[in-house]
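One structure is given here, and the rest of the page talks about it.
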Amino acid sequence: MYPMIKIEGVRHAYKTATGPLPVLDGLEVEVKEGGFVAVVGPSGCGKSTLTKLVAGLMKPDTGRVMVHGEVVTGPRATVGMAFQNPVMLEWRTILENIVLPLEIVPNKLTKAEKMERANYLLELVGLAGFGNKRPSELSGGMRQRASLCRALVHKPEVLILDEPFGALDAFTREDLWQTMHKVKAEEPFTGVLITHDLRESIFLADTVVVLSQRPARTQYVLDVPDTGPRTLDDLYTPETAEMLNILRHQIEVAQGRVAA
Ligand SMILES: Nc1ncnc2c1ncn2[C@@H]1O[C@H](COP(=O)(O)OP(=O)(O)O)[C@@H](O)[C@H]1O
Ligand SMILES: [Mg+2]
């Protein structure tokens with residue numbers, strides 16, 4: 001199918017007081033329309049930098065980042081983002097926080113339609129009835145669900161998730177993985193998930209890209225078969241164990257702890 005995201009030969013260095021810091025050095029990523037790629041790699045290797053390139057928040061020194069067939073030259077309204085620590089405005093209710101992107105991205109929706117969309121998403125993620133709460137009244141997992149609604153409210157083509165479940169406890173995280181499957185079935189998007197959790201990567205994604213240490217290049221690409229884990233029980237099958245072993249080995253290679 002048509003590649004929704006294409007990262008070709010991307011190299012990038014940050015300018016710092018002590019000189020250039022090479023961060024990306026030969027990044028190749030392709031995500032088909034409706035696909036879901038997980039990106040894993042050592043801490044500080046350049047994963048968040050990759051998300052900023054896709055979102056158009058910065059441009060690479062060399063190479064191309066294409067979204068929907070166009071070279072990304074600036075921020076795109078058709079991208080939604082969610083992060084590890086969702087920033088929510090405490091003086092707004094959860095519903096009012098969720099509709100924020102609709103106040104920024106041009107659209108013809110009435111106030112009632114915006115609220116209807118936000119309420120539908122709240123119900124989808126299991127937060128029906130919490131729309132009138134303030135962010136501080138929600139648990140970490142609930143705030144993350146609300147943050148997901150906010151990232152999806154304007155029906156983005158591309159959803160970028162930068163370690164969204166990283167700060168949650170294991171059980172809450174697993175609940176959210178299942179919610180993600182439900183959301184993906186109802187709301188079409190092309191996904192990019194940054195994660196440190198290898199089980200999370202194969203549970204949610206159809207492709208897992210392993211990046212090398214900084215400056216990051218695409219070191220390894222794992223295709224998760226259609227029959228890959230889709231229920232929590234599937235995470236304990238021999239097939240899943242084999243994929244996890246491959247990824248764990250690749251991470252050790254990336255960290256320079258073992259030879260390729
Ligand atoms: N704006 C910036 N200016 C200078 N260095 C940066 C900037 N943003 C990130 N870095 C550095 O670039 C490297 C990669 O950062 P990042 O993409 O956030 O890594 P990751 O998300 O994989 O942990 C890190 O060493 C980080 O300190
Ligand atoms: Mg990061």
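Following the order of the structure tokens, chains are lettered A, B, ..., residues in each are numbered from 1, and ligands are numbered from 1.
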
message: With DSSP run on the backbone, what are the helix (DSSP H, G or I) residues within region 31-219 of chain A? I'd like them as a PyMOL selection string.
response: chain A and resi 47-55+94-98+100-104+111-124+135-137+140-152+170-186+198-204

query: Leaving out region 152-166 of chain A and any residue of its chain fewer than 2 positions from it, which residues lie within 8 Å of it when counting only C-alpha atoms, given as a PyMOL selection string?
result: chain A and resi 48+51+77-85+98-99+101-102+105+117-118+121+144+148-150+168+173+176+187-196

At most 7 Å from ligand 1 (only C-alpha atoms and all ligand atoms): residue list as a CSV table (one decimal) with C-alpha atoms, in the first residue's frame:
```
chain,number,residue,atom,x,y,z
A,14,TYR,CA,22.1,19.6,16.7
A,15,LYS,CA,24.1,22.7,17.0
A,16,THR,CA,25.4,23.0,20.6
A,21,LEU,CA,26.1,16.8,18.0
A,23,VAL,CA,22.0,12.5,16.3
A,41,GLY,CA,16.5,2.0,20.5
A,42,PRO,CA,19.0,3.1,23.3
A,43,SER,CA,18.1,6.0,25.4
A,44,GLY,CA,19.3,9.3,23.8
A,45,CYS,CA,19.8,7.8,20.4
A,46,GLY,CA,17.4,10.2,18.6
A,47,LYS,CA,13.9,8.7,18.8
A,48,SER,CA,12.2,11.9,19.9
A,49,THR,CA,14.1,13.7,17.2
A,50,LEU,CA,12.6,11.4,14.7
```

task: Give me, please, the distance in Å between CA of Leu124 (chain A) and CA of Asp169 (chain A), quoted to one decimal.
output: 21.4 Å

task: Apply DSSP to the backbone of this structure and, from region 63-234 of chain A, keep only the residues in strand (DSSP E or B); write these as a PyMOL selection string.
output: chain A and resi 63-67+70-71+79-83+158-162+190-194+207-211+216+218-223

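The neighbours of Thr73 (chain A) here are the residues that come within 12 Å of it, using only C-alpha atoms and leaving out any residue fewer than 4 positions away in the same chain; they are Lys52, Leu53, Val54, Ala55, Gly56, Leu57, Met58, Lys59, Pro60, Arg64, Val65, Met66 and Val67 of chain A.
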
Output C-alpha atoms for every residue in that selection, as a CSV table (one decimal), in the first residue's frame.
```csv
chain,number,residue,atom,x,y,z
A,52,LYS,CA,9.8,16.0,15.6
A,53,LEU,CA,10.9,15.5,12.0
A,54,VAL,CA,7.7,13.6,11.1
A,55,ALA,CA,5.6,16.3,12.9
A,56,GLY,CA,7.5,19.0,10.9
A,57,LEU,CA,8.8,20.7,14.1
A,58,MET,CA,12.3,20.6,12.6
A,59,LYS,CA,14.0,19.8,9.3
A,60,PRO,CA,16.8,17.3,8.8
A,64,ARG,CA,13.9,13.6,3.2
A,65,VAL,CA,10.9,13.2,5.4
A,66,MET,CA,7.7,12.6,3.4
A,67,VAL,CA,4.2,12.4,4.8
```

query: Could you pull the residues within 9 Å of Gln250 (chain A), counting only C-alpha atoms, minus those fewer than 4 positions along the same chain, as an MDAnalysis selection string?
result: chainID A and resid 41 210:212 219:220 245:246 254:255 258 260

Output C-alpha atoms of each residue in that selection to a file, as a JSON list (two decimals), in the first residue's frame.
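See selection.json below for the written result:
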```json
[["chain", "number", "residue", "atom", "x", "y", "z"],
["A", 41, "GLY", "CA", 16.54, 2.02, 20.54],
["A", 210, "VAL", "CA", 15.44, -0.86, 16.01],
["A", 211, "LEU", "CA", 17.73, 2.17, 15.97],
["A", 212, "SER", "CA", 21.45, 2.03, 16.69],
["A", 219, "GLN", "CA", 19.76, -1.06, 12.44],
["A", 220, "TYR", "CA", 17.04, -3.69, 12.14],
["A", 245, "ASN", "CA", 14.46, -12.58, 21.70],
["A", 246, "ILE", "CA", 15.35, -11.17, 18.29],
["A", 254, "ALA", "CA", 22.73, -1.34, 19.50],
["A", 255, "GLN", "CA", 24.14, -0.83, 22.97],
["A", 258, "VAL", "CA", 27.32, -7.94, 21.88],
["A", 260, "ALA", "CA", 25.82, -8.35, 15.55]]
```

task: Mind checking which residues fall within 10 Å of Lys133 (chain A), counting only C-alpha atoms, ignoring those fewer than 4 positions away in the same chain, and posting them as a PyMOL selection string?
output: chain A and resi 90+92-96+129+137-138

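The closest residue to ligand 2, picked from A:Leu24, A:Ile7, A:Val40, A:Met142 and counting only C-alpha atoms and all ligand atoms, is A:Val40.
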
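Residues with any atom within 9 Å of His181 (chain A), counting only C-alpha atoms and excluding same-chain neighbours fewer than 5 positions away, are A:Leu176, A:Glu186, A:Leu204, A:Arg230.
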
Hey, can you spit out that residue selection with C-alpha atoms as a JSON list (two decimals), in the first residue's frame?
```
[["chain", "number", "residue", "atom", "x", "y", "z"],
["A", 176, "LEU", "CA", -3.97, 0.92, 27.69],
["A", 186, "GLU", "CA", -12.50, 2.57, 15.27],
["A", 204, "LEU", "CA", 0.76, -2.75, 19.12],
["A", 230, "ARG", "CA", -3.35, -9.13, 19.83]]
```

- request: Take CA of Glu116 (chain A) and CA of His68 (chain A) and report the distance between them in Å, one decimal.
  value: 28.1 Å

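Comparing A:Gly26, A:Gly141, A:Pro225, A:Gly34 by their smallest distance to Ala170 (chain A), the closest is A:Gly141 (using only C-alpha atoms).
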
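In this comparison, which uses only C-alpha atoms, the residue of A:Thr240, A:Lys184, A:Thr172, A:Thr231 approaching Arg199 (chain A) most closely is A:Thr240.
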
Close residues, Ala241 (chain A) itself excluded, 12 Å, only C-alpha atoms, min 3 positions apart in chain, as an MDAnalysis selection string: chainID A and resid 198:199 202:203 228:229 234:238 244:248

Pick from A:Ala205, A:Val31, A:Val87, A:Val39 nearest to ligand 2, counting only C-alpha atoms and all ligand atoms: A:Val39
